[in-house]
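These notes concern the structure reproduced below.
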Amino acid sequence: MNIRPSAAIRQNYNEVADMCRRTGEPVFLTKNGEGDLVVMDIETYTRREKMLHLREELLAVEEARANGAKGYTVDEVAAMMRDIIEESATLEKAE
């Protein structure tokens with residue numbers, strides 16, 4: 001865990017930014033010895049946001065399944081995908 005005083009971002013922006021990019025980890029900034037902000041590079045932030053969104057979707061699906069929502073077998077999903085692909089190909093030919 002990278003912890004720096006808040007002054008580090010003002011005094012050593014490039015160093016903090018390079019550390020974020022190099023490690024792929026956030027830098028925790030303190031103010032008066034207390035946690036204040038978290039800084040991370042855009043790539044890490046985007047990756048974490050995508051992972052969080054995926055986890056939320058998986059949780060919603062799992063909750064729906066636990067509440068009795070219909071599930072599908074691998075064969076059923078494969079058949080649905082084939083049908084969609086065939087329908088898409090048919091629409092492309094019609095255009």
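A note on labels: chains of the structure tokens are A, B, ... as shown, every chain counts residues from 1, and ligands are counted from 1 in their shown order.
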
| field | Within 12 Å of A:Arg22 using only C-alpha atoms, minus same-chain residues under 6 positions, as an NGL selection string | value | :A and (14-16 or 40-41 or 43-44)

Query raised in the report: What are the DSSP helix (DSSP H, G or I) residues of stretch 8-83 of chain A, as a ChimeraX atom specification?
Result: /A:8-11,13-23,42-66,74-83

Of A:Gly24, A:Lys93, A:Arg4, A:Glu56, the one nearest to A:Ile42 when counting only C-alpha atoms is A:Gly24

Expressed in Å, the length from atom CA of A:Glu25 to atom CA of A:Leu37 is 13.7 Å

Exercise for the section: Mind the document's chain letters and residue numbers, and return as a PyMOL selection string the residues of stretch 14-75 of chain A that DSSP labels strand (DSSP E or B). Expected result: chain A and resi 27-31+34-39

- [ ] Can you work out the spacing between atom CA of A:Glu34 and atom CA of A:Arg21 in Å, to one decimal?
- [x]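 Taking atom CA of A:Glu34 and atom CA of A:Arg21, their separation equals 24.1 Å.
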